[in-house]
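The data block below is work-v8.cif; it holds mmCIF, C-alpha atoms.
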```
data_protein
#
loop_
_atom_site.label_atom_id
_atom_site.label_comp_id
_atom_site.auth_asym_id
_atom_site.auth_seq_id
_atom_site.Cartn_x
_atom_site.Cartn_y
_atom_site.Cartn_z
CA MET A 1 -15.63 -8.37 -1.21
CA GLU A 2 -18.39 -5.88 -0.57
CA ARG A 3 -19.21 -7.48 2.78
CA ALA A 4 -15.55 -7.37 3.76
CA ARG A 5 -15.40 -3.70 2.86
CA ARG A 6 -18.25 -3.05 5.22
CA GLY A 7 -16.24 -4.62 8.02
CA ASP A 8 -17.61 -8.17 7.92
CA GLN A 9 -14.70 -10.15 9.37
CA LYS A 10 -16.05 -13.52 8.28
CA ALA A 11 -16.24 -12.28 4.70
CA TYR A 12 -12.68 -11.02 4.96
CA GLU A 13 -11.50 -14.37 6.29
CA GLU A 14 -12.95 -16.00 3.19
CA LEU A 15 -11.04 -13.51 1.09
CA VAL A 16 -7.85 -14.34 3.01
CA ARG A 17 -8.37 -18.07 2.49
CA ALA A 18 -8.87 -17.53 -1.21
CA HIS A 19 -5.62 -15.60 -1.58
CA GLN A 20 -3.34 -16.82 1.20
CA GLY A 21 -1.49 -19.33 -0.97
CA ILE A 22 -0.36 -16.90 -3.63
CA ALA A 23 0.21 -14.19 -1.00
CA PHE A 24 2.47 -16.41 1.10
CA ARG A 25 4.46 -17.72 -1.86
CA THR A 26 5.02 -14.20 -3.19
CA ALA A 27 6.19 -13.09 0.26
CA TYR A 28 8.44 -16.15 0.46
CA LEU A 29 10.17 -15.38 -2.83
CA ILE A 30 10.84 -11.82 -1.72
CA ALA A 31 11.61 -12.27 1.98
CA GLY A 32 13.73 -15.35 1.41
CA ASN A 33 12.53 -17.48 4.31
CA ALA A 34 9.29 -18.96 5.57
CA ALA A 35 9.19 -17.22 8.96
CA ASP A 36 9.53 -13.73 7.51
CA ALA A 37 7.14 -14.61 4.70
CA GLU A 38 4.50 -15.72 7.19
CA GLU A 39 4.87 -12.54 9.22
CA ALA A 40 4.83 -10.36 6.13
CA ALA A 41 1.71 -12.08 4.81
CA GLN A 42 -0.06 -11.80 8.17
CA ASP A 43 0.80 -8.13 8.60
CA GLY A 44 -0.09 -7.45 4.99
CA PHE A 45 -3.52 -9.05 5.34
CA VAL A 46 -4.20 -7.05 8.51
CA LYS A 47 -3.10 -3.81 6.82
CA ALA A 48 -5.16 -4.60 3.77
CA TYR A 49 -8.20 -5.17 5.99
CA ARG A 50 -7.76 -1.76 7.58
CA ALA A 51 -7.20 -0.14 4.20
CA LEU A 52 -10.16 -1.80 2.46
CA GLY A 53 -12.03 1.48 2.62
CA ARG A 54 -9.43 2.99 0.29
CA PHE A 55 -9.59 0.11 -2.16
CA ARG A 56 -11.29 1.39 -5.28
CA GLN A 57 -14.13 -0.76 -6.46
CA GLY A 58 -13.83 -2.07 -9.97
CA LEU A 59 -10.11 -2.71 -9.63
CA SER A 60 -8.93 -6.22 -9.07
CA PHE A 61 -8.14 -7.15 -5.52
CA ARG A 62 -5.17 -9.43 -6.08
CA PRO A 63 -2.60 -6.93 -7.43
CA TRP A 64 -3.55 -4.49 -4.69
CA LEU A 65 -3.18 -7.16 -2.01
CA LEU A 66 0.08 -8.49 -3.43
CA GLN A 67 1.52 -4.99 -3.47
CA ILE A 68 0.83 -4.56 0.24
CA ILE A 69 2.17 -7.99 1.18
CA ALA A 70 5.23 -7.80 -1.06
CA ASN A 71 6.05 -4.45 0.47
CA GLU A 72 5.93 -6.00 3.94
CA ALA A 73 8.20 -8.79 2.74
CA ARG A 74 10.72 -6.34 1.27
CA ASN A 75 10.76 -4.36 4.50
CA ARG A 76 11.55 -7.48 6.49
CA ARG A 77 14.25 -8.50 4.12
CA ARG A 78 15.88 -5.07 4.26
CA SER A 79 15.60 -4.76 8.00
CA THR A 80 17.34 -8.07 8.59
CA GLY A 81 20.02 -6.95 6.17
CA ARG A 82 19.74 -10.20 4.22
CA ARG A 83 21.03 -9.72 0.75
CA ALA A 84 21.75 -13.21 -0.43
CA ALA A 85 19.17 -14.31 -2.91
CA LEU A 86 16.92 -17.16 -1.97
CA ALA A 87 18.17 -20.21 -3.79
CA LEU A 88 15.23 -22.11 -5.15
CA ARG A 89 15.30 -25.85 -4.91
CA ALA A 90 13.36 -28.44 -6.80
CA ALA A 91 11.42 -30.81 -4.58
CA ALA A 92 13.30 -34.03 -3.94
CA GLU A 93 12.09 -36.80 -6.16
CA GLU A 94 10.31 -39.50 -4.34
CA THR A 95 12.49 -42.46 -5.11
CA SER A 96 12.28 -45.23 -2.63
CA GLY A 97 15.37 -47.28 -1.98
CA GLY A 98 15.56 -50.45 -3.99
CA ALA A 99 13.07 -49.27 -6.58
CA ALA A 100 13.80 -49.81 -10.21
CA PRO A 101 16.07 -47.12 -11.69
CA SER A 102 14.17 -44.25 -13.30
CA PRO A 103 13.60 -44.56 -16.99
CA GLU A 104 16.27 -42.69 -18.90
CA GLY A 105 13.83 -40.04 -20.12
CA ALA A 106 12.78 -39.08 -16.63
CA LEU A 107 16.39 -38.98 -15.45
CA LEU A 108 17.34 -36.60 -18.24
CA ALA A 109 14.36 -34.47 -17.43
CA GLY A 110 15.61 -34.32 -13.86
CA GLU A 111 19.07 -33.21 -14.94
CA GLU A 112 17.60 -30.64 -17.28
CA ARG A 113 15.43 -29.37 -14.50
CA GLU A 114 18.45 -28.90 -12.24
CA ARG A 115 20.29 -27.09 -15.01
CA LEU A 116 17.38 -24.74 -15.65
CA LEU A 117 17.00 -24.11 -11.94
CA ALA A 118 20.71 -23.34 -11.62
CA ALA A 119 20.39 -20.90 -14.52
CA VAL A 120 17.45 -19.16 -12.79
CA ASN A 121 19.32 -19.02 -9.49
CA GLY A 122 22.26 -17.50 -11.35
CA LEU A 123 20.23 -14.56 -12.62
CA ARG A 124 20.45 -11.12 -11.10
CA GLU A 125 18.00 -10.60 -8.25
CA GLU A 126 15.54 -8.45 -10.25
CA GLU A 127 15.44 -10.85 -13.15
CA ARG A 128 15.17 -13.89 -10.91
CA LEU A 129 12.21 -12.36 -9.12
CA VAL A 130 10.45 -11.40 -12.31
CA ILE A 131 10.88 -14.93 -13.68
CA ALA A 132 9.71 -16.43 -10.39
CA CYS A 133 6.62 -14.22 -10.28
CA ARG A 134 5.64 -14.68 -13.91
CA PHE A 135 6.39 -18.37 -14.43
CA PHE A 136 6.75 -20.08 -11.06
CA LEU A 137 3.85 -18.30 -9.36
CA GLY A 138 1.93 -17.63 -12.56
CA LEU A 139 1.29 -13.97 -11.72
CA SER A 140 0.04 -11.67 -14.47
CA GLU A 141 2.17 -8.76 -15.64
CA GLU A 142 -0.01 -6.41 -13.62
CA GLU A 143 0.34 -8.53 -10.48
CA THR A 144 4.08 -8.89 -10.97
CA ALA A 145 4.44 -5.14 -11.38
CA ALA A 146 2.47 -4.59 -8.17
CA ALA A 147 4.42 -7.19 -6.21
CA LEU A 148 7.82 -5.96 -7.35
CA ASP A 149 6.83 -2.29 -7.16
CA VAL A 150 7.87 -1.53 -10.72
CA ARG A 151 6.02 -0.43 -13.85
CA ARG A 152 4.41 -2.91 -16.18
CA GLY A 153 6.82 -1.89 -18.91
CA THR A 154 9.70 -2.78 -16.61
CA VAL A 155 8.19 -6.21 -16.01
CA LYS A 156 8.00 -6.75 -19.77
CA SER A 157 11.57 -5.65 -20.44
CA GLN A 158 13.04 -7.49 -17.46
CA THR A 159 11.19 -10.66 -18.41
CA SER A 160 12.51 -10.58 -21.93
CA ARG A 161 16.05 -9.79 -20.75
CA ALA A 162 15.88 -12.56 -18.16
CA LEU A 163 14.66 -15.04 -20.77
CA ASP A 164 17.58 -14.05 -23.02
CA HIS A 165 20.02 -14.64 -20.19
CA LEU A 166 18.43 -17.98 -19.41
CA ARG A 167 18.72 -19.06 -23.03
CA GLU A 168 22.42 -18.17 -22.97
CA ALA A 169 23.02 -20.06 -19.73
CA TYR A 170 20.64 -22.93 -20.30
CA GLY A 171 21.19 -23.27 -24.02
CA MET B 1 10.84 -19.34 -27.51
CA ALA B 2 7.77 -20.79 -25.88
CA GLU B 3 9.67 -23.98 -24.99
CA LEU B 4 11.72 -22.23 -22.35
CA GLU B 5 8.62 -20.60 -20.92
CA THR B 6 6.85 -23.94 -20.75
CA ALA B 7 9.88 -25.48 -19.05
CA LEU B 8 9.89 -22.65 -16.51
CA ARG B 9 6.19 -23.10 -15.79
CA GLN B 10 6.76 -26.81 -15.33
CA LEU B 11 9.69 -26.11 -13.04
CA GLY B 12 7.46 -23.85 -10.98
CA THR B 13 5.21 -26.78 -10.14
CA GLU B 14 8.18 -28.83 -8.96
CA LEU B 15 9.75 -26.27 -6.66
CA GLU B 16 10.26 -26.91 -3.02
CA LEU B 17 8.20 -24.19 -1.38
CA PRO B 18 7.17 -24.22 2.27
CA PRO B 19 3.50 -25.04 2.85
CA THR B 20 1.19 -22.07 3.26
CA PRO B 21 0.30 -21.52 6.91
CA ASP B 22 -3.30 -20.94 7.93
CA LEU B 23 -3.18 -17.16 7.72
CA ALA B 24 -6.93 -16.64 7.96
CA SER B 25 -6.99 -18.13 11.47
CA ALA B 26 -3.73 -16.46 12.45
CA ILE B 27 -5.00 -12.96 11.82
CA ARG B 28 -8.47 -13.50 13.24
CA GLY B 29 -7.55 -12.09 16.63
CA ARG B 30 -5.88 -9.10 15.08
CA LEU B 31 -8.97 -8.06 13.17
CA GLU B 32 -11.07 -8.22 16.28
CA ARG B 33 -8.75 -6.43 18.65
CA PRO B 34 -10.50 -3.32 19.85
CA ARG B 35 -8.60 -0.16 19.19
CA ALA B 36 -8.92 2.06 22.21
CA TRP B 37 -7.41 5.11 20.50
CA ARG B 38 -9.86 5.06 17.71
CA ARG B 39 -12.32 7.55 19.08
CA PRO B 40 -9.93 10.43 19.90
CA VAL B 41 -8.24 9.96 16.57
CA LEU B 42 -11.53 10.03 14.74
CA ILE B 43 -12.46 13.26 16.48
CA ALA B 44 -9.10 14.77 15.62
CA LEU B 45 -9.52 13.57 12.08
CA ALA B 46 -12.93 15.12 11.72
CA LEU B 47 -11.71 18.43 13.10
CA LEU B 48 -8.68 18.41 10.84
CA VAL B 49 -10.73 17.64 7.78
CA VAL B 50 -12.95 20.62 8.55
CA ALA B 51 -10.00 22.90 9.23
CA ILE B 52 -8.06 21.82 6.18
CA GLY B 53 -11.09 21.76 3.94
CA ALA B 54 -11.79 25.36 4.88
CA ALA B 55 -8.24 26.50 4.27
CA LEU B 56 -7.76 24.60 1.03
CA ALA B 57 -11.04 25.91 -0.29
CA VAL B 58 -9.12 29.09 -1.10
CA PRO B 59 -6.42 27.84 -3.48
CA PRO B 60 -4.94 31.29 -4.31
CA ALA B 61 -4.14 31.84 -0.63
CA ARG B 62 -2.44 28.47 -0.43
CA THR B 63 -0.37 29.05 -3.55
CA ALA B 64 0.65 32.48 -2.38
CA ILE B 65 1.96 31.04 0.87
CA LEU B 66 3.85 28.31 -0.96
CA ASP B 67 5.53 30.76 -3.32
CA TRP B 68 6.39 33.06 -0.51
CA LEU B 69 8.10 30.27 1.38
CA GLY B 70 9.99 28.96 -1.64
CA LEU B 71 9.24 25.46 -0.38
CA ARG B 72 7.79 23.48 -3.20
CA ASN B 73 6.75 20.52 -1.10
CA VAL B 74 5.45 22.13 2.04
CA SER B 75 2.03 23.61 2.35
CA VAL B 76 0.76 25.65 5.24
CA VAL B 77 -2.76 25.74 6.49
CA ARG B 78 -3.81 28.35 9.02
CA VAL B 79 -6.60 27.57 11.45
CA ASP B 80 -8.12 29.52 14.33
CA GLU B 81 -7.42 26.77 16.80
CA LEU B 82 -5.22 23.72 16.49
CA PRO B 83 -7.26 20.51 16.57
CA PRO B 84 -6.13 17.89 19.07
CA ALA B 85 -3.31 15.76 17.73
CA ARG B 86 -0.83 13.22 18.98
CA PRO B 87 2.12 14.69 20.83
CA LEU B 88 5.70 13.94 19.83
CA GLY B 89 5.77 10.92 22.13
CA ARG B 90 4.36 8.43 19.62
CA LEU B 91 6.38 8.66 16.48
CA ASP B 92 6.02 6.35 13.55
CA LEU B 93 9.42 6.78 12.01
CA GLY B 94 9.70 3.49 10.19
CA ARG B 95 12.50 1.00 10.56
CA GLU B 96 15.80 1.66 12.27
CA VAL B 97 18.91 1.24 10.11
CA THR B 98 22.52 2.36 10.21
CA LEU B 99 23.46 5.69 8.64
CA ALA B 100 25.42 3.81 5.98
CA GLU B 101 22.40 1.70 5.11
CA ALA B 102 20.19 4.80 4.92
CA LYS B 103 22.69 6.39 2.52
CA ARG B 104 22.68 3.28 0.38
CA ARG B 105 18.92 3.26 0.20
CA ALA B 106 18.46 7.02 -0.22
CA HIS B 107 21.31 8.36 -2.31
CA TRP B 108 19.83 11.82 -2.04
CA LEU B 109 20.20 11.90 1.74
CA ARG B 110 21.78 15.08 3.15
CA ILE B 111 23.94 14.68 6.21
CA PRO B 112 24.37 17.27 8.97
CA ALA B 113 27.74 18.07 10.51
CA ARG B 114 26.96 16.02 13.62
CA GLU B 115 26.19 12.34 13.20
CA PRO B 116 22.75 11.30 14.43
CA ASP B 117 22.21 8.80 17.25
CA HIS B 118 19.51 6.90 15.39
CA VAL B 119 18.42 6.63 11.76
CA PHE B 120 15.03 5.45 10.50
CA VAL B 121 13.77 4.82 7.00
CA SER B 122 10.17 4.55 5.87
CA ASP B 123 8.58 3.61 2.58
CA ALA B 124 5.30 5.25 3.50
CA LEU B 125 6.02 8.27 1.29
CA PRO B 126 6.29 8.24 -2.52
CA GLY B 127 10.02 9.06 -2.67
CA GLY B 128 10.91 7.53 0.68
CA ARG B 129 11.55 9.23 3.98
CA VAL B 130 14.60 9.20 6.23
CA THR B 131 14.54 10.47 9.80
CA LEU B 132 17.66 11.25 11.77
CA VAL B 133 17.28 11.39 15.53
CA TRP B 134 19.50 12.92 18.18
CA GLY B 135 18.72 11.66 21.65
CA THR B 136 16.74 8.44 21.94
CA PRO B 137 13.58 7.47 20.05
CA SER B 138 11.60 7.80 23.28
CA ASN B 139 13.29 11.04 24.27
CA VAL B 140 13.97 12.91 21.07
CA ARG B 141 16.07 16.04 21.36
CA LEU B 142 16.25 16.84 17.69
CA LEU B 143 14.59 15.31 14.68
CA LEU B 144 15.62 15.80 11.06
CA THR B 145 13.18 14.41 8.52
CA GLU B 146 14.14 14.26 4.86
CA THR B 147 11.84 13.46 1.96
CA ASN B 148 12.64 13.30 -1.70
CA GLY B 149 10.76 14.51 -4.73
CA ARG B 150 7.03 14.37 -4.72
CA ALA B 151 6.48 13.91 -1.00
CA TYR B 152 4.40 16.70 0.41
CA ILE B 153 4.39 17.88 3.95
CA GLN B 154 1.48 19.82 5.29
CA LYS B 155 1.66 22.06 8.32
CA VAL B 156 -1.35 23.26 10.20
CA VAL B 157 -0.58 26.37 12.21
CA GLN B 158 -2.67 28.48 14.48
CA GLY B 159 -3.82 31.86 13.18
CA GLY B 160 -1.42 34.09 15.04
CA SER B 161 1.66 31.86 15.17
CA ASP B 162 4.82 32.86 13.40
CA VAL B 163 5.84 31.44 10.07
CA GLU B 164 8.90 33.30 8.90
CA PRO B 165 10.77 32.93 5.63
CA VAL B 166 14.47 32.25 6.17
CA ASP B 167 17.43 32.24 3.85
CA VAL B 168 18.66 28.66 3.69
CA GLY B 169 19.02 26.31 0.75
CA GLU B 170 16.61 27.18 -2.05
CA GLY B 171 14.04 28.49 0.36
CA GLY B 172 13.03 27.85 3.89
CA ALA B 173 10.68 28.78 6.66
CA TRP B 174 10.84 28.84 10.43
CA PHE B 175 7.74 27.71 12.28
CA GLN B 176 7.84 29.15 15.77
CA GLY B 177 6.02 27.12 18.41
CA GLU B 178 3.61 24.25 18.25
CA HIS B 179 1.87 23.23 15.07
CA ILE B 180 0.61 20.06 13.45
CA VAL B 181 2.60 18.25 10.82
CA MET B 182 1.27 15.71 8.32
CA PHE B 183 3.04 13.72 5.66
CA GLN B 184 1.39 12.79 2.43
CA ASP B 185 1.06 9.07 2.08
CA ARG B 186 2.13 6.86 -0.77
CA ASP B 187 -1.33 6.99 -2.26
CA GLY B 188 -1.17 10.78 -2.42
CA THR B 189 -3.45 11.68 0.43
CA PHE B 190 -2.83 13.25 3.80
CA HIS B 191 -3.87 10.92 6.53
CA GLU B 192 -5.25 13.29 9.05
CA GLY B 193 -5.22 10.63 11.72
CA LYS B 194 -1.46 10.51 11.39
CA GLY B 195 -1.01 14.22 11.98
CA ARG B 196 0.95 14.98 15.12
CA LEU B 197 1.85 17.93 17.25
CA ALA B 198 5.26 19.33 16.37
CA ALA B 199 7.60 21.68 18.20
CA SER B 200 9.34 24.62 16.52
CA THR B 201 10.54 23.56 13.11
CA LEU B 202 12.81 24.75 10.36
CA ALA B 203 11.82 23.50 6.91
CA TRP B 204 13.98 24.02 3.86
CA GLN B 205 14.61 22.79 0.37
CA LEU B 206 17.88 21.46 -1.09
CA GLY B 207 17.45 20.35 -4.68
CA ASP B 208 14.71 17.75 -4.66
CA VAL B 209 15.10 17.09 -0.98
CA THR B 210 12.78 18.69 1.55
CA LEU B 211 14.17 18.79 5.06
CA ARG B 212 12.52 19.60 8.34
CA LEU B 213 14.42 19.99 11.58
CA GLU B 214 12.32 19.90 14.68
CA GLY B 215 13.19 20.28 18.32
CA ASN B 216 13.38 22.53 21.27
CA ILE B 217 15.93 24.88 19.72
CA SER B 218 16.09 28.52 18.72
CA LYS B 219 15.80 29.75 15.16
CA ASN B 220 19.49 30.63 15.03
CA GLU B 221 20.59 27.22 16.28
CA ALA B 222 18.32 25.58 13.73
CA LEU B 223 19.79 27.71 10.96
CA ARG B 224 23.32 26.73 12.00
CA TRP B 225 22.32 23.06 11.76
CA ALA B 226 20.70 23.63 8.41
CA ARG B 227 23.71 25.38 6.94
CA GLY B 228 25.97 22.58 8.14
CA THR B 229 23.82 20.00 6.34
CA ARG B 230 24.96 19.05 2.87
#
```
Please express the file's structure as structure tokens.
Amino acid sequence: MERARRGDQKAYEELVRAHQGIAFRTAYLIAGNAADAEEAAQDGFVKAYRALGRFRQGLSFRPWLLQIIANEARNRRRSTGRRAALALRAAAEETSGGAAPSPEGALLAGEERERLLAAVNGLREEERLVIACRFFLGLSEEETAAALDVRRGTVKSQTSRALDHLREAYG
Amino acid sequence: MAELETALRQLGTELELPPTPDLASAIRGRLERPRAWRRPVLIALALLVVAIGAALAVPPARTAILDWLGLRNVSVVRVDELPPARPLGRLDLGREVTLAEAKRRAHWLRIPAREPDHVFVSDALPGGRVTLVWGTPSNVRLLLTETNGRAYIQKVVQGGSDVEPVDVGEGGAWFQGEHIVMFQDRDGTFHEGKGRLAASTLAWQLGDVTLRLEGNISKNEALRWARGTR
């Protein structure tokens, strides 16, 4: 971190590698498609590099970075006028043709998973994003607040409201 | 209910997300690209810091000017000589949107009697910034910039140039001739490197909205525009 702050590009590249996964996935959730997410993450990392001098030591890097990248992602989403929420999909199960039918337990789990996913996709945008950040991406409250550009208290209240709605829908 | 939270975490691991591209390699070239404009900007920045530091070192003078203007969010710094700054040609206005979209995003937006040719929004300022342009972005005839709430605008004017209080909105001022304008950034600082040379400007306050109309127009024309903006 310190080397990157002093302008060491190799050190910054290491920092990028360490955070690119979470940065890209956060951008993807917000921007709604992979192309915009990639651009947002790239631009965000470049901006963060140029702004490293303003980054206050002692703070954690990840919320600061996610804030910059999420902001890029939001800008792209707004500028393309896309409003429809990204519908999340569960990865297709790898069942090969002719294989033995899944055990009943696993099949039920699959159905349950689809039901839960549908409930999440049915949430309002803000709640869906807060759930995605907290549980799907595993971001902390602080990181979620930074990424969604809201206060920590808002993250708390939206999370609990979203969980209530999910319980109603998912049962 | 922790069960639901556990189920959500589990679901997160099973989501179909696109693979992360190799961003570190992708941005490598962009970190290395030499920036030819760096030196002049740095010089301008250094000069501005000196000029502003000197003027702001006398807070009572600054406050007096602010009160006199009735513009809560505009501060004026007088210097003996304007430092070099970017001319109007290179504007960073943000993203172009339709007027309707700008209104949706900034409910506080005030609209002049004549519809603008282009509208830009930017998130660079704390409360957001909307810029209305008449003419084309590369050949701006008139520029109306609106900021909301806590966004501060700083103007650096040369010692003898005219800054005249005018009666519009809750307070306004007419800046005759060239000066430098800077917008406070989201993190609360003025980025001197982003200061640019501005033409004659009318700045005024309507509620929480600070407006500045800039262009090659007379004071009276500017005031007519301002009074037609609501």
**OP:** Define the interface residues of chain B facing chain A as those within 9 Å, counting all atoms listed in the file, and report them as JSON, numbers by chain.
**Re:** {"B": [1, 4, 5, 6, 7, 8, 9, 10, 11, 12, 13, 14, 15, 16, 17, 18, 19, 20, 21, 22, 23, 24, 25, 26, 27, 28, 30, 31, 32, 95, 96, 97, 123]}
Subject >> Polymer residues at most 7 Å from segment 220-230 of chain B, all atoms listed in the file, same-chain spacing of 2 or more positions, as a ChimeraX atom specification >> reply: /B:110-113,168,202,217-218
Original post:
Could you pull the residues within 9 Å of Leu123 of chain A, counting only C-alpha atoms, minus those fewer than 4 positions along the same chain, as a ChimeraX atom specification?
Top reply: /A:118-119,127-128,162,165-166
**OP:** State, in Å with one decimal place, the distance from atom CA of Glu141 of chain A to atom CA of Met1 of chain A.
**Re:** 22.9 Å
**OP:** Provide the atom CA of Leu99 of chain B to atom CA of Val119 of chain B distance in Å, to one decimal place.
**Re:** 6.0 Å
I'd like the neighbourhood of Gln67 of chain A as a PDB file with C-alpha atoms, keeping the file's coordinate frame, where a residue qualifies if any of its atoms comes within 9 Å (using only C-alpha atoms), though same-chain residues fewer than 3 positions away should be ignored.
```
ATOM      1  CA  GLY A  44      -0.090  -7.450   4.990  1.00  0.00           C
ATOM      2  CA  ARG A  62      -5.170  -9.430  -6.080  1.00  0.00           C
ATOM      3  CA  PRO A  63      -2.600  -6.930  -7.430  1.00  0.00           C
ATOM      4  CA  TRP A  64      -3.550  -4.490  -4.690  1.00  0.00           C
ATOM      5  CA  ALA A  70       5.230  -7.800  -1.060  1.00  0.00           C
ATOM      6  CA  ASN A  71       6.050  -4.450   0.470  1.00  0.00           C
ATOM      7  CA  GLU A  72       5.930  -6.000   3.940  1.00  0.00           C
ATOM      8  CA  GLU A 143       0.340  -8.530 -10.480  1.00  0.00           C
ATOM      9  CA  THR A 144       4.080  -8.890 -10.970  1.00  0.00           C
ATOM     10  CA  ALA A 145       4.440  -5.140 -11.380  1.00  0.00           C
ATOM     11  CA  ALA A 146       2.470  -4.590  -8.170  1.00  0.00           C
ATOM     12  CA  ALA A 147       4.420  -7.190  -6.210  1.00  0.00           C
ATOM     13  CA  LEU A 148       7.820  -5.960  -7.350  1.00  0.00           C
ATOM     14  CA  ASP A 149       6.830  -2.290  -7.160  1.00  0.00           C
TER      15      ASP A 149
END
```
**OP:** Might you spell out which residues the PyMOL selection byres ((chain B and resi 117) around 12) would select in the displayed file, as a PyMOL selection string?
**Re:** chain B and resi 96-99+114-116+118-120+131-137+139-144
For C-alpha atoms, I'd like the residues from the last selection saved as a short mmCIF file (atom, residue, chain, number, x, y, z; two decimals), in the coordinates of the input.
```
data_model
loop_
_atom_site.label_atom_id
_atom_site.label_comp_id
_atom_site.auth_asym_id
_atom_site.auth_seq_id
_atom_site.Cartn_x
_atom_site.Cartn_y
_atom_site.Cartn_z
CA GLU B 96 15.80 1.66 12.27
CA VAL B 97 18.91 1.24 10.11
CA THR B 98 22.52 2.36 10.21
CA LEU B 99 23.46 5.69 8.64
CA ARG B 114 26.96 16.02 13.62
CA GLU B 115 26.19 12.34 13.20
CA PRO B 116 22.75 11.30 14.43
CA HIS B 118 19.51 6.90 15.39
CA VAL B 119 18.42 6.63 11.76
CA PHE B 120 15.03 5.45 10.50
CA THR B 131 14.54 10.47 9.80
CA LEU B 132 17.66 11.25 11.77
CA VAL B 133 17.28 11.39 15.53
CA TRP B 134 19.50 12.92 18.18
CA GLY B 135 18.72 11.66 21.65
CA THR B 136 16.74 8.44 21.94
CA PRO B 137 13.58 7.47 20.05
CA ASN B 139 13.29 11.04 24.27
CA VAL B 140 13.97 12.91 21.07
CA ARG B 141 16.07 16.04 21.36
CA LEU B 142 16.25 16.84 17.69
CA LEU B 143 14.59 15.31 14.68
CA LEU B 144 15.62 15.80 11.06
#
```
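Interatomic distance, atom CA of Arg74 of chain A to atom CA of Val130 of chain A: 14.5 Å.
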**OP:** Around the point (20.8, 19.8, -4.8) in the file's coordinates, collect all residues with an atom within 10 Å, using only C-alpha atoms, and return them as a ChimeraX atom specification.
**Re:** /B:108,110,169-170,205-209,230
